[in-house]
Each structure stands twice: as structure tokens, then as C-alpha cells.
>>> print(open('data.pdb').read())   # PDB, C-alpha atoms
MODEL        1
ATOM      1  CA  MET A   1      -5.628  28.222  10.791
ATOM      2  CA  ASP A   2      -3.050  27.452   8.097
ATOM      3  CA  ASP A   3      -1.199  24.201   7.374
ATOM      4  CA  ALA A   4       1.870  25.164   9.415
ATOM      5  CA  ALA A   5      -0.200  25.977  12.515
ATOM      6  CA  ALA A   6      -2.251  22.794  12.079
ATOM      7  CA  ILE A   7       0.896  20.664  11.757
ATOM      8  CA  GLU A   8       2.348  22.295  14.872
ATOM      9  CA  LYS A   9      -0.804  21.430  16.816
ATOM     10  CA  CYS A  10      -0.906  17.889  15.398
ATOM     11  CA  LEU A  11       2.617  17.320  16.664
ATOM     12  CA  LYS A  12       1.415  18.341  20.121
ATOM     13  CA  GLY A  13      -1.197  15.613  19.836
ATOM     14  CA  GLU A  14      -4.258  17.717  18.953
ATOM     15  CA  LYS A  15      -6.441  15.493  16.799
ATOM     16  CA  GLU A  16      -8.744  18.373  15.861
ATOM     17  CA  ALA A  17      -5.857  20.026  14.009
ATOM     18  CA  PHE A  18      -5.451  16.889  11.941
ATOM     19  CA  ARG A  19      -9.164  16.981  11.255
ATOM     20  CA  PHE A  20      -8.622  20.437   9.754
ATOM     21  CA  LEU A  21      -5.984  19.012   7.376
ATOM     22  CA  VAL A  22      -8.145  16.017   6.436
ATOM     23  CA  GLU A  23     -11.123  18.216   5.667
ATOM     24  CA  ARG A  24      -8.969  20.615   3.725
ATOM     25  CA  TYR A  25      -7.375  18.054   1.418
ATOM     26  CA  GLN A  26      -9.690  15.032   1.296
ATOM     27  CA  LYS A  27     -11.631  15.984  -1.846
ATOM     28  CA  GLN A  28      -8.460  16.806  -3.750
ATOM     29  CA  ALA A  29      -6.863  13.573  -2.539
ATOM     30  CA  VAL A  30      -9.862  11.455  -3.545
ATOM     31  CA  GLY A  31      -9.789  13.089  -6.988
ATOM     32  CA  HIS A  32      -6.141  12.141  -7.365
ATOM     33  CA  ALA A  33      -6.660   8.622  -6.080
ATOM     34  CA  VAL A  34      -9.598   8.089  -8.462
ATOM     35  CA  ALA A  35      -7.383   9.203 -11.330
ATOM     36  CA  ILE A  36      -4.772   6.614 -10.394
ATOM     37  CA  LEU A  37      -7.033   3.720  -9.395
ATOM     38  CA  GLY A  38      -9.935   4.399 -11.735
ATOM     39  CA  ASN A  39     -12.279   3.362  -8.962
ATOM     40  CA  ARG A  40     -13.873   5.552  -6.298
ATOM     41  CA  GLU A  41     -14.300   2.869  -3.672
ATOM     42  CA  ASP A  42     -10.625   1.894  -3.716
ATOM     43  CA  ALA A  43      -9.704   5.560  -3.884
ATOM     44  CA  LEU A  44     -11.544   6.296  -0.630
ATOM     45  CA  ASP A  45      -9.709   3.422   1.085
ATOM     46  CA  ALA A  46      -6.352   4.580  -0.255
ATOM     47  CA  VAL A  47      -6.938   8.183   0.851
ATOM     48  CA  GLN A  48      -7.993   7.038   4.303
ATOM     49  CA  GLU A  49      -4.858   4.904   4.660
ATOM     50  CA  ALA A  50      -2.669   7.708   3.339
ATOM     51  CA  PHE A  51      -4.049  10.179   5.897
ATOM     52  CA  ILE A  52      -3.333   7.673   8.671
ATOM     53  CA  ASP A  53       0.209   7.238   7.323
ATOM     54  CA  ALA A  54       0.553  11.032   7.242
ATOM     55  CA  PHE A  55      -0.570  11.342  10.848
ATOM     56  CA  GLY A  56       2.037   8.794  11.864
ATOM     57  CA  SER A  57       4.881  10.409   9.965
ATOM     58  CA  LEU A  58       4.161  14.121  10.416
ATOM     59  CA  LYS A  59       7.247  14.267  12.644
ATOM     60  CA  LYS A  60       9.387  13.517   9.607
ATOM     61  CA  PHE A  61       7.730  16.197   7.447
ATOM     62  CA  ASP A  62      10.106  18.976   6.389
ATOM     63  CA  ARG A  63       8.086  22.049   7.330
ATOM     64  CA  THR A  64       9.863  24.243   4.785
ATOM     65  CA  ARG A  65       7.958  22.303   2.096
ATOM     66  CA  LYS A  66       4.298  22.464   1.140
ATOM     67  CA  LEU A  67       2.179  19.804   2.808
ATOM     68  CA  TYR A  68       0.161  18.488  -0.122
ATOM     69  CA  PRO A  69       3.031  17.388  -2.405
ATOM     70  CA  TRP A  70       4.481  15.488   0.573
ATOM     71  CA  PHE A  71       1.105  13.926   1.305
ATOM     72  CA  TYR A  72       0.677  13.103  -2.377
ATOM     73  CA  VAL A  73       3.773  10.879  -2.266
ATOM     74  CA  LEU A  74       2.190   8.906   0.606
ATOM     75  CA  LEU A  75      -1.093   8.754  -1.269
ATOM     76  CA  ARG A  76       0.354   7.422  -4.517
ATOM     77  CA  HIS A  77       2.365   4.884  -2.554
ATOM     78  CA  ARG A  78      -0.896   3.649  -1.019
ATOM     79  CA  CYS A  79      -2.616   3.618  -4.412
ATOM     80  CA  PHE A  80       0.131   1.610  -6.086
ATOM     81  CA  LYS A  81       0.251  -0.780  -3.157
ATOM     82  CA  MET A  82      -3.458  -1.317  -3.672
ATOM     83  CA  THR A  83      -3.096  -1.902  -7.417
ATOM     84  CA  ALA A  84      -0.342  -4.414  -6.728
ATOM     85  CA  ARG A  85      -2.706  -6.317  -4.429
ATOM     86  CA  LYS A  86      -5.550  -6.612  -6.871
ATOM     87  CA  SER A  87      -6.133  -5.983 -10.527
ATOM     88  CA  ALA A  88      -8.016  -2.756 -11.123
ATOM     89  CA  THR A  89     -11.673  -3.112 -11.918
ATOM     90  CA  GLU A  90     -12.220  -1.027 -14.976
ATOM     91  CA  ASN A  91     -15.842  -0.188 -15.041
ATOM     92  CA  ILE A  92     -16.792   3.012 -16.799
ATOM     93  CA  GLU A  93     -20.008   3.354 -14.787
ATOM     94  CA  ASP A  94     -18.044   3.356 -11.549
ATOM     95  CA  THR A  95     -15.395   5.831 -12.557
ATOM     96  CA  GLU A  96     -15.602   9.529 -12.334
ATOM     97  CA  ILE A  97     -12.347  11.099 -13.408
ATOM     98  CA  LEU A  98     -13.618  13.765 -15.744
ATOM     99  CA  ALA A  99     -16.224  16.391 -14.944
ATOM    100  CA  ALA A 100     -19.565  15.841 -16.634
ATOM    101  CA  ARG A 101     -19.511  18.993 -18.713
ATOM    102  CA  ALA A 102     -16.437  19.872 -20.717
ATOM    103  CA  ALA A 103     -16.893  22.978 -22.827
ATOM    104  CA  GLY A 104     -18.680  22.040 -26.047
ATOM    105  CA  MET A 105     -17.873  18.354 -25.741
ATOM    106  CA  PRO A 106     -20.596  15.768 -26.337
ATOM    107  CA  ASP A 107     -21.030  13.059 -23.686
ATOM    108  CA  GLU A 108     -20.029  10.268 -26.104
ATOM    109  CA  GLU A 109     -16.686  11.948 -26.689
ATOM    110  CA  ARG A 110     -16.105  12.404 -22.996
ATOM    111  CA  PHE A 111     -16.931   8.722 -22.418
ATOM    112  CA  ALA A 112     -14.482   7.748 -25.153
ATOM    113  CA  LEU A 113     -11.798   9.880 -23.589
ATOM    114  CA  GLU A 114     -12.513   8.538 -20.110
ATOM    115  CA  LYS A 115     -12.397   4.992 -21.454
ATOM    116  CA  ALA A 116      -9.070   5.700 -23.150
ATOM    117  CA  LEU A 117      -7.754   7.112 -19.879
ATOM    118  CA  LEU A 118      -8.896   4.009 -18.019
ATOM    119  CA  ALA A 119      -7.139   1.784 -20.526
ATOM    120  CA  LEU A 120      -3.816   3.394 -19.617
ATOM    121  CA  GLU A 121      -1.478   2.038 -16.946
ATOM    122  CA  GLU A 122      -2.088   3.622 -13.537
ATOM    123  CA  GLU A 123       1.174   5.594 -13.619
ATOM    124  CA  ASP A 124       0.411   6.910 -17.096
ATOM    125  CA  ARG A 125      -3.110   7.929 -16.129
ATOM    126  CA  GLU A 126      -1.689   9.634 -13.075
ATOM    127  CA  ILE A 127       0.733  11.842 -14.993
ATOM    128  CA  ILE A 128      -1.933  12.836 -17.531
ATOM    129  CA  ALA A 129      -4.410  13.698 -14.783
ATOM    130  CA  LEU A 130      -1.876  15.778 -12.886
ATOM    131  CA  LYS A 131      -0.840  17.591 -16.044
ATOM    132  CA  TYR A 132      -4.241  18.314 -17.512
ATOM    133  CA  LEU A 133      -6.678  18.231 -14.619
ATOM    134  CA  ASP A 134      -4.439  19.930 -12.063
ATOM    135  CA  GLY A 135      -2.389  21.978 -14.511
ATOM    136  CA  LEU A 136       0.945  21.080 -12.917
ATOM    137  CA  SER A 137       4.149  22.252 -14.551
ATOM    138  CA  TYR A 138       6.965  19.830 -15.377
ATOM    139  CA  GLU A 139       8.780  21.001 -12.253
ATOM    140  CA  GLU A 140       5.746  20.297 -10.071
ATOM    141  CA  LEU A 141       5.168  16.947 -11.776
ATOM    142  CA  ALA A 142       8.765  16.012 -11.057
ATOM    143  CA  GLU A 143       8.211  16.868  -7.377
ATOM    144  CA  HIS A 144       4.915  14.985  -7.104
ATOM    145  CA  LEU A 145       6.130  11.897  -8.934
ATOM    146  CA  GLN A 146       9.685  12.026  -7.621
ATOM    147  CA  ILE A 147      11.253  11.650 -11.029
ATOM    148  CA  PRO A 148      13.632  13.959 -12.979
ATOM    149  CA  ARG A 149      12.168  16.707 -15.180
ATOM    150  CA  GLY A 150      13.522  15.002 -18.314
ATOM    151  CA  THR A 151      11.613  11.843 -17.416
ATOM    152  CA  VAL A 152       8.435  13.908 -16.973
ATOM    153  CA  MET A 153       8.902  15.268 -20.480
ATOM    154  CA  SER A 154       9.429  11.882 -22.110
ATOM    155  CA  ARG A 155       6.699  10.112 -20.135
ATOM    156  CA  LEU A 156       4.179  12.792 -21.012
ATOM    157  CA  PHE A 157       5.136  12.516 -24.647
ATOM    158  CA  TYR A 158       4.722   8.745 -24.800
ATOM    159  CA  VAL A 159       1.477   8.739 -22.813
ATOM    160  CA  ARG A 160       0.001  11.358 -25.137
ATOM    161  CA  LYS A 161       1.029   9.200 -28.072
ATOM    162  CA  GLN A 162      -0.677   6.202 -26.489
ATOM    163  CA  LEU A 163      -3.832   8.189 -25.857
ATOM    164  CA  GLN A 164      -3.794   9.480 -29.377
ATOM    165  CA  ALA A 165      -3.558   5.897 -30.668
ATOM    166  CA  LYS A 166      -6.469   4.812 -28.453
ATOM    167  CA  LEU A 167      -8.587   7.758 -29.571
ATOM    168  CA  SER A 168      -7.817   7.590 -33.271
ATOM    169  CA  GLY A 169     -10.969   6.984 -35.248
ATOM    170  CA  LYS A 170     -13.220   7.794 -32.303
ATOM    171  CA  PHE A 171     -13.575  11.490 -33.155
ATOM    172  CA  HIS A 172     -14.512  13.419 -36.319
TER     173      HIS A 172
ATOM    174  CA  MET B   1      18.394  14.970 -25.216
ATOM    175  CA  ASN B   2      19.409  17.723 -27.644
ATOM    176  CA  GLU B   3      20.188  15.165 -30.354
ATOM    177  CA  MET B   4      18.089  16.216 -33.354
ATOM    178  CA  ASN B   5      16.234  13.008 -34.111
ATOM    179  CA  CYS B   6      12.479  12.906 -34.784
ATOM    180  CA  GLU B   7      11.533  11.649 -31.334
ATOM    181  CA  ASN B   8      13.519  14.308 -29.489
ATOM    182  CA  VAL B   9      12.149  17.068 -31.706
ATOM    183  CA  LEU B  10       8.561  15.900 -31.137
ATOM    184  CA  MET B  11       9.159  15.664 -27.417
ATOM    185  CA  ALA B  12      10.667  19.145 -27.347
ATOM    186  CA  LYS B  13       7.805  20.536 -29.425
ATOM    187  CA  MET B  14       5.219  19.173 -26.994
ATOM    188  CA  ALA B  15       7.189  20.616 -24.092
ATOM    189  CA  GLU B  16       7.247  23.967 -25.875
ATOM    190  CA  ILE B  17       3.468  23.769 -26.397
ATOM    191  CA  ASP B  18       3.176  23.048 -22.654
ATOM    192  CA  GLY B  19       5.012  26.320 -22.013
ATOM    193  CA  GLU B  20       8.173  24.605 -20.800
ATOM    194  CA  GLU B  21      11.794  25.327 -21.630
ATOM    195  CA  THR B  22      13.517  22.878 -23.936
ATOM    196  CA  GLU B  23      17.093  22.197 -24.929
ATOM    197  CA  ILE B  24      16.184  22.374 -28.624
ATOM    198  CA  SER B  25      15.473  25.889 -29.835
ATOM    199  CA  SER B  26      12.303  26.845 -31.754
ATOM    200  CA  GLU B  27      14.422  27.579 -34.829
ATOM    201  CA  GLN B  28      15.962  24.106 -34.749
ATOM    202  CA  MET B  29      12.502  22.549 -34.332
ATOM    203  CA  ASN B  30      11.003  24.567 -37.190
ATOM    204  CA  LEU B  31      13.898  23.610 -39.422
ATOM    205  CA  HIS B  32      13.312  19.945 -38.622
ATOM    206  CA  PHE B  33       9.547  20.198 -39.259
ATOM    207  CA  ALA B  34      10.157  21.929 -42.552
ATOM    208  CA  ASN B  35      12.076  18.876 -43.700
ATOM    209  CA  CYS B  36      10.122  16.047 -42.032
ATOM    210  CA  GLU B  37       6.570  15.377 -43.109
ATOM    211  CA  ASN B  38       6.125  12.458 -40.684
ATOM    212  CA  CYS B  39       6.898  14.683 -37.726
ATOM    213  CA  CYS B  40       4.457  17.334 -38.997
ATOM    214  CA  GLN B  41       1.674  14.745 -39.168
ATOM    215  CA  GLU B  42       2.527  13.231 -35.846
ATOM    216  CA  ILE B  43       2.667  16.520 -34.005
ATOM    217  CA  GLU B  44      -0.728  17.456 -35.437
ATOM    218  CA  GLN B  45      -2.262  14.245 -34.084
ATOM    219  CA  ILE B  46      -0.700  14.576 -30.647
ATOM    220  CA  ARG B  47      -1.722  18.216 -30.586
ATOM    221  CA  PHE B  48      -5.338  17.132 -31.175
ATOM    222  CA  THR B  49      -5.211  14.876 -28.107
ATOM    223  CA  ASP B  50      -3.587  17.695 -26.187
ATOM    224  CA  ILE B  51      -6.401  20.113 -27.059
ATOM    225  CA  LEU B  52      -8.994  17.515 -26.126
ATOM    226  CA  LEU B  53      -7.383  16.960 -22.747
ATOM    227  CA  LYS B  54      -7.023  20.666 -22.090
ATOM    228  CA  ARG B  55     -10.802  21.049 -22.305
ATOM    229  CA  GLN B  56     -11.339  18.631 -19.424
ATOM    230  CA  THR B  57     -11.751  19.346 -15.763
ATOM    231  CA  ARG B  58     -11.546  16.999 -12.838
ATOM    232  CA  ARG B  59     -14.835  15.746 -11.472
ATOM    233  CA  GLU B  60     -15.477  17.079  -7.968
ATOM    234  CA  GLN B  61     -15.232  14.228  -5.465
ATOM    235  CA  GLU B  62     -17.394  14.355  -2.369
ATOM    236  CA  ALA B  63     -15.769  12.804   0.657
ATOM    237  CA  ASP B  64     -16.121  12.868   4.404
ATOM    238  CA  LEU B  65     -13.451  10.614   5.769
ATOM    239  CA  TRP B  66     -12.741  12.179   9.145
ATOM    240  CA  SER B  67     -14.854   9.879  11.335
ATOM    241  CA  ALA B  68     -13.277   6.742   9.813
ATOM    242  CA  ILE B  69      -9.785   8.228  10.039
ATOM    243  CA  GLU B  70     -10.313   9.332  13.640
ATOM    244  CA  LYS B  71     -11.331   5.805  14.655
ATOM    245  CA  GLN B  72      -8.296   4.271  13.010
ATOM    246  CA  ILE B  73      -5.919   6.818  14.514
ATOM    247  CA  GLY B  74      -7.353   6.033  17.957
ATOM    248  CA  ALA B  75      -7.032   2.285  17.418
ATOM    249  CA  ARG B  76      -3.469   2.631  16.142
ATOM    250  CA  ALA B  77      -2.463   4.843  19.063
ATOM    251  CA  ALA B  78      -3.858   2.260  21.476
ATOM    252  CA  SER B  79      -1.957  -0.547  19.783
ATOM    253  CA  GLN B  80       1.250   1.491  19.961
ATOM    254  CA  ILE B  81       1.321   1.527  23.781
ATOM    255  CA  GLY B  82       3.781  -1.332  23.558
ATOM    256  CA  TRP B  83       5.112  -3.729  26.123
ATOM    257  CA  LYS B  84       7.030  -1.387  28.444
ATOM    258  CA  PRO B  85       4.205  -0.527  30.906
ATOM    259  CA  PHE B  86       3.402  -4.215  31.260
ATOM    260  CA  VAL B  87       7.037  -5.142  31.909
ATOM    261  CA  LEU B  88       7.188  -2.387  34.528
ATOM    262  CA  LEU B  89       4.036  -3.752  36.164
ATOM    263  CA  GLY B  90       5.552  -7.236  36.186
ATOM    264  CA  VAL B  91       8.747  -5.942  37.832
ATOM    265  CA  LEU B  92       6.778  -4.042  40.509
ATOM    266  CA  LEU B  93       4.532  -7.023  41.272
ATOM    267  CA  SER B  94       7.561  -9.324  41.516
ATOM    268  CA  ALA B  95       9.272  -6.853  43.860
ATOM    269  CA  CYS B  96       6.186  -6.831  46.090
ATOM    270  CA  LYS B  97       6.113 -10.617  46.143
ATOM    271  CA  LEU B  98       9.823 -10.787  47.014
ATOM    272  CA  LEU B  99       9.354  -8.272  49.841
ATOM    273  CA  GLU B 100       6.516 -10.386  51.219
ATOM    274  CA  MET B 101       8.855 -13.386  51.224
ATOM    275  CA  VAL B 102      11.475 -11.664  53.409
ATOM    276  CA  PRO B 103      11.444 -13.737  56.621
ATOM    277  CA  GLU B 104      10.359 -12.206  59.912
ATOM    278  CA  ARG B 105       9.026  -9.044  58.223
ATOM    279  CA  ASP B 106       5.337  -8.288  58.251
ATOM    280  CA  PHE B 107       4.315  -5.254  56.184
ATOM    281  CA  GLY B 108       0.714  -5.541  57.323
ATOM    282  CA  LEU B 109      -2.547  -5.829  55.465
ATOM    283  CA  ALA B 110      -2.140  -2.504  53.632
ATOM    284  CA  PHE B 111       0.934  -3.852  51.824
ATOM    285  CA  LYS B 112      -1.187  -6.629  50.303
ATOM    286  CA  LEU B 113      -3.215  -3.945  48.536
ATOM    287  CA  VAL B 114      -0.141  -2.435  46.849
ATOM    288  CA  PRO B 115      -0.188  -4.858  43.834
ATOM    289  CA  LEU B 116      -3.853  -4.037  43.272
ATOM    290  CA  ALA B 117      -2.990  -0.315  43.369
ATOM    291  CA  PHE B 118      -0.286  -0.900  40.705
ATOM    292  CA  VAL B 119      -2.750  -2.671  38.420
ATOM    293  CA  VAL B 120      -5.368   0.068  38.821
ATOM    294  CA  ALA B 121      -2.684   2.720  38.202
ATOM    295  CA  LEU B 122      -1.689   0.999  34.960
ATOM    296  CA  PHE B 123      -5.264   0.961  33.664
ATOM    297  CA  VAL B 124      -5.665   4.630  34.600
ATOM    298  CA  PHE B 125      -2.372   5.442  32.811
ATOM    299  CA  LEU B 126      -3.472   3.553  29.702
ATOM    300  CA  LYS B 127      -6.902   5.173  29.881
ATOM    301  CA  GLU B 128      -8.326   1.689  29.478
ATOM    302  CA  ASN B 129     -11.481   0.370  31.048
ATOM    303  CA  PRO B 130     -10.976  -3.330  31.815
ATOM    304  CA  PHE B 131     -14.770  -3.692  32.133
ATOM    305  CA  LYS B 132     -15.438  -2.043  28.774
ATOM    306  CA  ILE B 133     -17.045  -5.124  27.259
ATOM    307  CA  ASN B 134     -19.493  -5.354  30.129
ATOM    308  CA  ALA B 135     -20.174  -1.602  29.956
ATOM    309  CA  GLU B 136     -20.941  -1.874  26.232
ATOM    310  CA  LEU B 137     -23.162  -4.867  26.839
ATOM    311  CA  SER B 138     -25.116  -3.095  29.550
ATOM    312  CA  ALA B 139     -25.548  -0.046  27.301
ATOM    313  CA  ARG B 140     -26.934  -2.311  24.586
ATOM    314  CA  GLU B 141     -29.204  -4.043  27.084
ATOM    315  CA  ILE B 142     -30.497  -0.653  28.242
ATOM    316  CA  LYS B 143     -31.259   0.289  24.607
ATOM    317  CA  LEU B 144     -33.100  -2.963  24.085
TER     318      LEU B 144
ENDMDL
END
>>> encode(input="data.pdb", output="C-alpha cells")
Amino acid sequence: MDDAAAIEKCLKGEKEAFRFLVERYQKQAVGHAVAILGNREDALDAVQEAFIDAFGSLKKFDRTRKLYPWFYVLLRHRCFKMTARKSATENIEDTEILAARAAGMPDEERFALEKALLALEEEDREIIALKYLDGLSYEELAEHLQIPRGTVMSRLFYVRKQLQAKLSGKFH
Amino acid sequence: MNEMNCENVLMAKMAEIDGEETEISSEQMNLHFANCENCCQEIEQIRFTDILLKRQTRREQEADLWSAIEKQIGARAASQIGWKPFVLLGVLLSACKLLEMVPERDFGLAFKLVPLAFVVALFVFLKENPFKINAELSAREIKL
């Protein structure tokens, strides 16, 4: 079954088809939510809420588009709603944005980088994660974040500058 | 954006490194870098962060959310039944009562069962078990 067939079935009220979509995208969605919220527990709640929102608004989904970028907009909305409700708990032990083994990178350096990422604003961390961990192009970033391409370019530039400032002196 | 100040050139250079098209050409950028030591230093530092980030991968996230999502979808669907079936039931019950009040007309004993039939029909339509609480309690009692 592909996304289009699953969506068709969901619209006919088949819950199992929605299960297919949840199981297909949940890991990716949790990864994205963790990158925004910096906290796995909140991320799981946000993803769950976003899937329920998606189920309720599938009727409005433009089926000429890909499903995940549409779902991502719902997900980030949920994440930012959650961050507005409570201040993010920034605990390095609880966060798992980066994979444990980056090629030739000592753990201390990865921790420093993860800590620098966590010190960023949620929206800044989000754009960096989408760019570097998902490898999205500026065009795709613009679609996911619903901002113009020029804004993607400038935001990426300033966030990289911020990260560079946070990391200066931590390496070499 | 194509104004040739330091910030725009640095931004364009990073976009070029990202493999994106920019409004400032490579020649224009190189010319600027040749004459601006600050920009050369700054781009080197940002480039270092860029290389560091490029070596990272996202940590795999285990998740199995379906059972929780399924429950919530079910609960939401139930709460979305709305007021219309209940208004309809009210109208039908009132109509029955009014018919009963018509003088010198006796619809018989069977007619008195019509309101009960409406109520049962509504619960069947809503797929609701009005005795659910008791059913759950008895199941728990059986387990105990």
C-alpha cells in the first residue's frame, strides 16, 4: 500500500489504513519533534497529537502533494504550541538528537555539539536539524517551514554563526 | 539581496557551499574575499561548523504510538457525535406524548412501547452500551 491508497482508505473510515501511515512515519516524526523540543517525552506527546490532528484534517489534504511535508506542518505547530505552554527542559541526558557515532568524532565533541544545539531557540534548532540531519534543500526547507527561500538562506546563515560562536574554543 | 556587502557575500557563499543557486556570482564573491580579510576569516569559521554538522546523523528514534493514537481517535469520534441525534430523540418522544394526549384516541399498549424502541434505536445507532460501566465492573469482578 502507498500513501495515496492509505489516504483514500482513511477517508472511507478505515482506521487500519491510518495505522499504516502512523507506523510508516512515526519514527521520522519523533526524530523531528525531538530536534525541535529537545526532549523525547514531549516529542512523543507532540507526535501523537499531530497524528490525531492529521486524522481529523485528512479531508483537507491536497493529494497532489506529498504527505509528510503536510504532516510536518501539523507536527511543528504542535511542537511550538507545546513550547509556548512550558519552558523546555534542557537536559543533555534526556536528549537524543544526534546519533551516537559520527565518523571519527569523539564523544566529548558530540556532546559539545549537542549542547550547543540545545542552547539554540527551537526554530533555529529545527532548521539546522532539517538541513544537516535530513539533508533538505533550501526549496524543501521553505516548504517544510512555510517561509520564503531567501529567509531560509538568511536564517541558516545566522544560526550557523550562532552555533559557531557557541562552539568556539570547544574544539582543537 | 545582491547588494555586495559583507553579510550578503557571506550568506551567498554559504548557500553556494550548500549547493544552492545564489544571486551573487562566484566571481563577485571571490573578488570580495580577495579584498576582505574579515570575511575570509569568518567564512573559514562558519565552514568549520558546517563540516562538523555535516558529519552528524540523526539518532534513530524508536516509537510505537499506534495504540495510544487509536484510543484517542476513538474517543474523539465518540465525542463528535454531537447533539443532533438527541434532539431528534426528544422530538420523537414529544410527538409520542402529544399523540397520547389526543382525546378519545387509544393507540393501545403497543404504542406505549414506541418511546422505549426509539431510545434503544438511538443507542444501537450510536453503538453505545448504556450498561457499559456495569459490564466493565462485572468483568473486573470476574477477574478478581
>>> interface_residues(input="data.pdb", of="chain B", to="chain A", cutoff="10 Å", atoms="only C-alpha atoms", output="compact mmCIF listing (two decimals) with C-alpha atoms, in the frame of the given file")
# COMPACT_ATOMS: atom_id res chain seq x y z
CA MET B 1 18.39 14.97 -25.22
CA GLU B 7 11.53 11.65 -31.33
CA ASN B 8 13.52 14.31 -29.49
CA LEU B 10 8.56 15.90 -31.14
CA MET B 11 9.16 15.66 -27.42
CA ALA B 12 10.67 19.14 -27.35
CA LYS B 13 7.80 20.54 -29.42
CA MET B 14 5.22 19.17 -26.99
CA ALA B 15 7.19 20.62 -24.09
CA ASP B 18 3.18 23.05 -22.65
CA GLY B 19 5.01 26.32 -22.01
CA GLU B 20 8.17 24.60 -20.80
CA GLU B 21 11.79 25.33 -21.63
CA THR B 22 13.52 22.88 -23.94
CA GLU B 42 2.53 13.23 -35.85
CA ILE B 43 2.67 16.52 -34.01
CA GLN B 45 -2.26 14.24 -34.08
CA ILE B 46 -0.70 14.58 -30.65
CA ARG B 47 -1.72 18.22 -30.59
CA PHE B 48 -5.34 17.13 -31.18
CA THR B 49 -5.21 14.88 -28.11
CA ASP B 50 -3.59 17.70 -26.19
CA ILE B 51 -6.40 20.11 -27.06
CA LEU B 52 -8.99 17.52 -26.13
CA LEU B 53 -7.38 16.96 -22.75
CA LYS B 54 -7.02 20.67 -22.09
CA ARG B 55 -10.80 21.05 -22.30
CA GLN B 56 -11.34 18.63 -19.42
CA THR B 57 -11.75 19.35 -15.76
CA ARG B 58 -11.55 17.00 -12.84
CA ARG B 59 -14.84 15.75 -11.47
CA GLU B 60 -15.48 17.08 -7.97
CA GLN B 61 -15.23 14.23 -5.46
CA GLU B 62 -17.39 14.36 -2.37
CA ALA B 63 -15.77 12.80 0.66
CA ASP B 64 -16.12 12.87 4.40
CA LEU B 65 -13.45 10.61 5.77
CA TRP B 66 -12.74 12.18 9.14
CA SER B 67 -14.85 9.88 11.34
CA ALA B 68 -13.28 6.74 9.81
CA ILE B 69 -9.78 8.23 10.04
CA GLU B 70 -10.31 9.33 13.64
CA GLN B 72 -8.30 4.27 13.01
CA ILE B 73 -5.92 6.82 14.51
CA GLY B 74 -7.35 6.03 17.96
CA ARG B 76 -3.47 2.63 16.14
CA ALA B 77 -2.46 4.84 19.06
>>> resolve_selection(input="data.pdb", expression="the PyMOL selection byres ((chain B and resi 88-105) around 12)", output="PDB file with C-alpha atoms, in the frame of the given file")
ATOM      1  CA  GLY B  82       3.781  -1.332  23.558  1.00  0.00           C
ATOM      2  CA  TRP B  83       5.112  -3.729  26.123  1.00  0.00           C
ATOM      3  CA  LYS B  84       7.030  -1.387  28.444  1.00  0.00           C
ATOM      4  CA  PRO B  85       4.205  -0.527  30.906  1.00  0.00           C
ATOM      5  CA  PHE B  86       3.402  -4.215  31.260  1.00  0.00           C
ATOM      6  CA  VAL B  87       7.037  -5.142  31.909  1.00  0.00           C
ATOM      7  CA  ASP B 106       5.337  -8.288  58.251  1.00  0.00           C
ATOM      8  CA  PHE B 107       4.315  -5.254  56.184  1.00  0.00           C
ATOM      9  CA  GLY B 108       0.714  -5.541  57.323  1.00  0.00           C
ATOM     10  CA  LEU B 109      -2.547  -5.829  55.465  1.00  0.00           C
ATOM     11  CA  ALA B 110      -2.140  -2.504  53.632  1.00  0.00           C
ATOM     12  CA  PHE B 111       0.934  -3.852  51.824  1.00  0.00           C
ATOM     13  CA  LYS B 112      -1.187  -6.629  50.303  1.00  0.00           C
ATOM     14  CA  LEU B 113      -3.215  -3.945  48.536  1.00  0.00           C
ATOM     15  CA  VAL B 114      -0.141  -2.435  46.849  1.00  0.00           C
ATOM     16  CA  PRO B 115      -0.188  -4.858  43.834  1.00  0.00           C
ATOM     17  CA  LEU B 116      -3.853  -4.037  43.272  1.00  0.00           C
ATOM     18  CA  ALA B 117      -2.990  -0.315  43.369  1.00  0.00           C
ATOM     19  CA  PHE B 118      -0.286  -0.900  40.705  1.00  0.00           C
ATOM     20  CA  VAL B 119      -2.750  -2.671  38.420  1.00  0.00           C
ATOM     21  CA  VAL B 120      -5.368   0.068  38.821  1.00  0.00           C
ATOM     22  CA  ALA B 121      -2.684   2.720  38.202  1.00  0.00           C
ATOM     23  CA  LEU B 122      -1.689   0.999  34.960  1.00  0.00           C
ATOM     24  CA  PHE B 123      -5.264   0.961  33.664  1.00  0.00           C
ATOM     25  CA  PHE B 125      -2.372   5.442  32.811  1.00  0.00           C
TER      26      PHE B 125
END
>>> atom_distance(input="data.pdb", atom1="atom CA of A:Ser57", atom2="atom CA of A:Ile7")
11.1 Å
>>> atom_distance(input="data.pdb", atom1="atom CA of A:Asp42", atom2="atom CA of A:Glu123")
15.8 Å
>>> atom_distance(input="data.pdb", atom1="atom CA of A:Lys166", atom2="atom CA of A:Ala33")
22.7 Å
>>> resolve_selection(input="data.pdb", expression="the PyMOL selection byres ((chain A and resi 80-82) around 9)", output="VMD selection string")
chain A and resid 36 to 37 42 46 75 to 79 83 to 88 122 to 123
>>> residues_near_point(input="data.pdb", point="(-5.3, 26.8, 5.6)", cutoff="9 Å", atoms="all atoms listed in the file", output="CSV table (one decimal) with C-alpha atoms, in the coordinates of the input")
chain,number,residue,atom,x,y,z
A,1,MET,CA,-5.6,28.2,10.8
A,2,ASP,CA,-3.0,27.5,8.1
A,3,ASP,CA,-1.2,24.2,7.4
A,4,ALA,CA,1.9,25.2,9.4
A,5,ALA,CA,-0.2,26.0,12.5
A,6,ALA,CA,-2.3,22.8,12.1
A,20,PHE,CA,-8.6,20.4,9.8
A,21,LEU,CA,-6.0,19.0,7.4
A,24,ARG,CA,-9.0,20.6,3.7
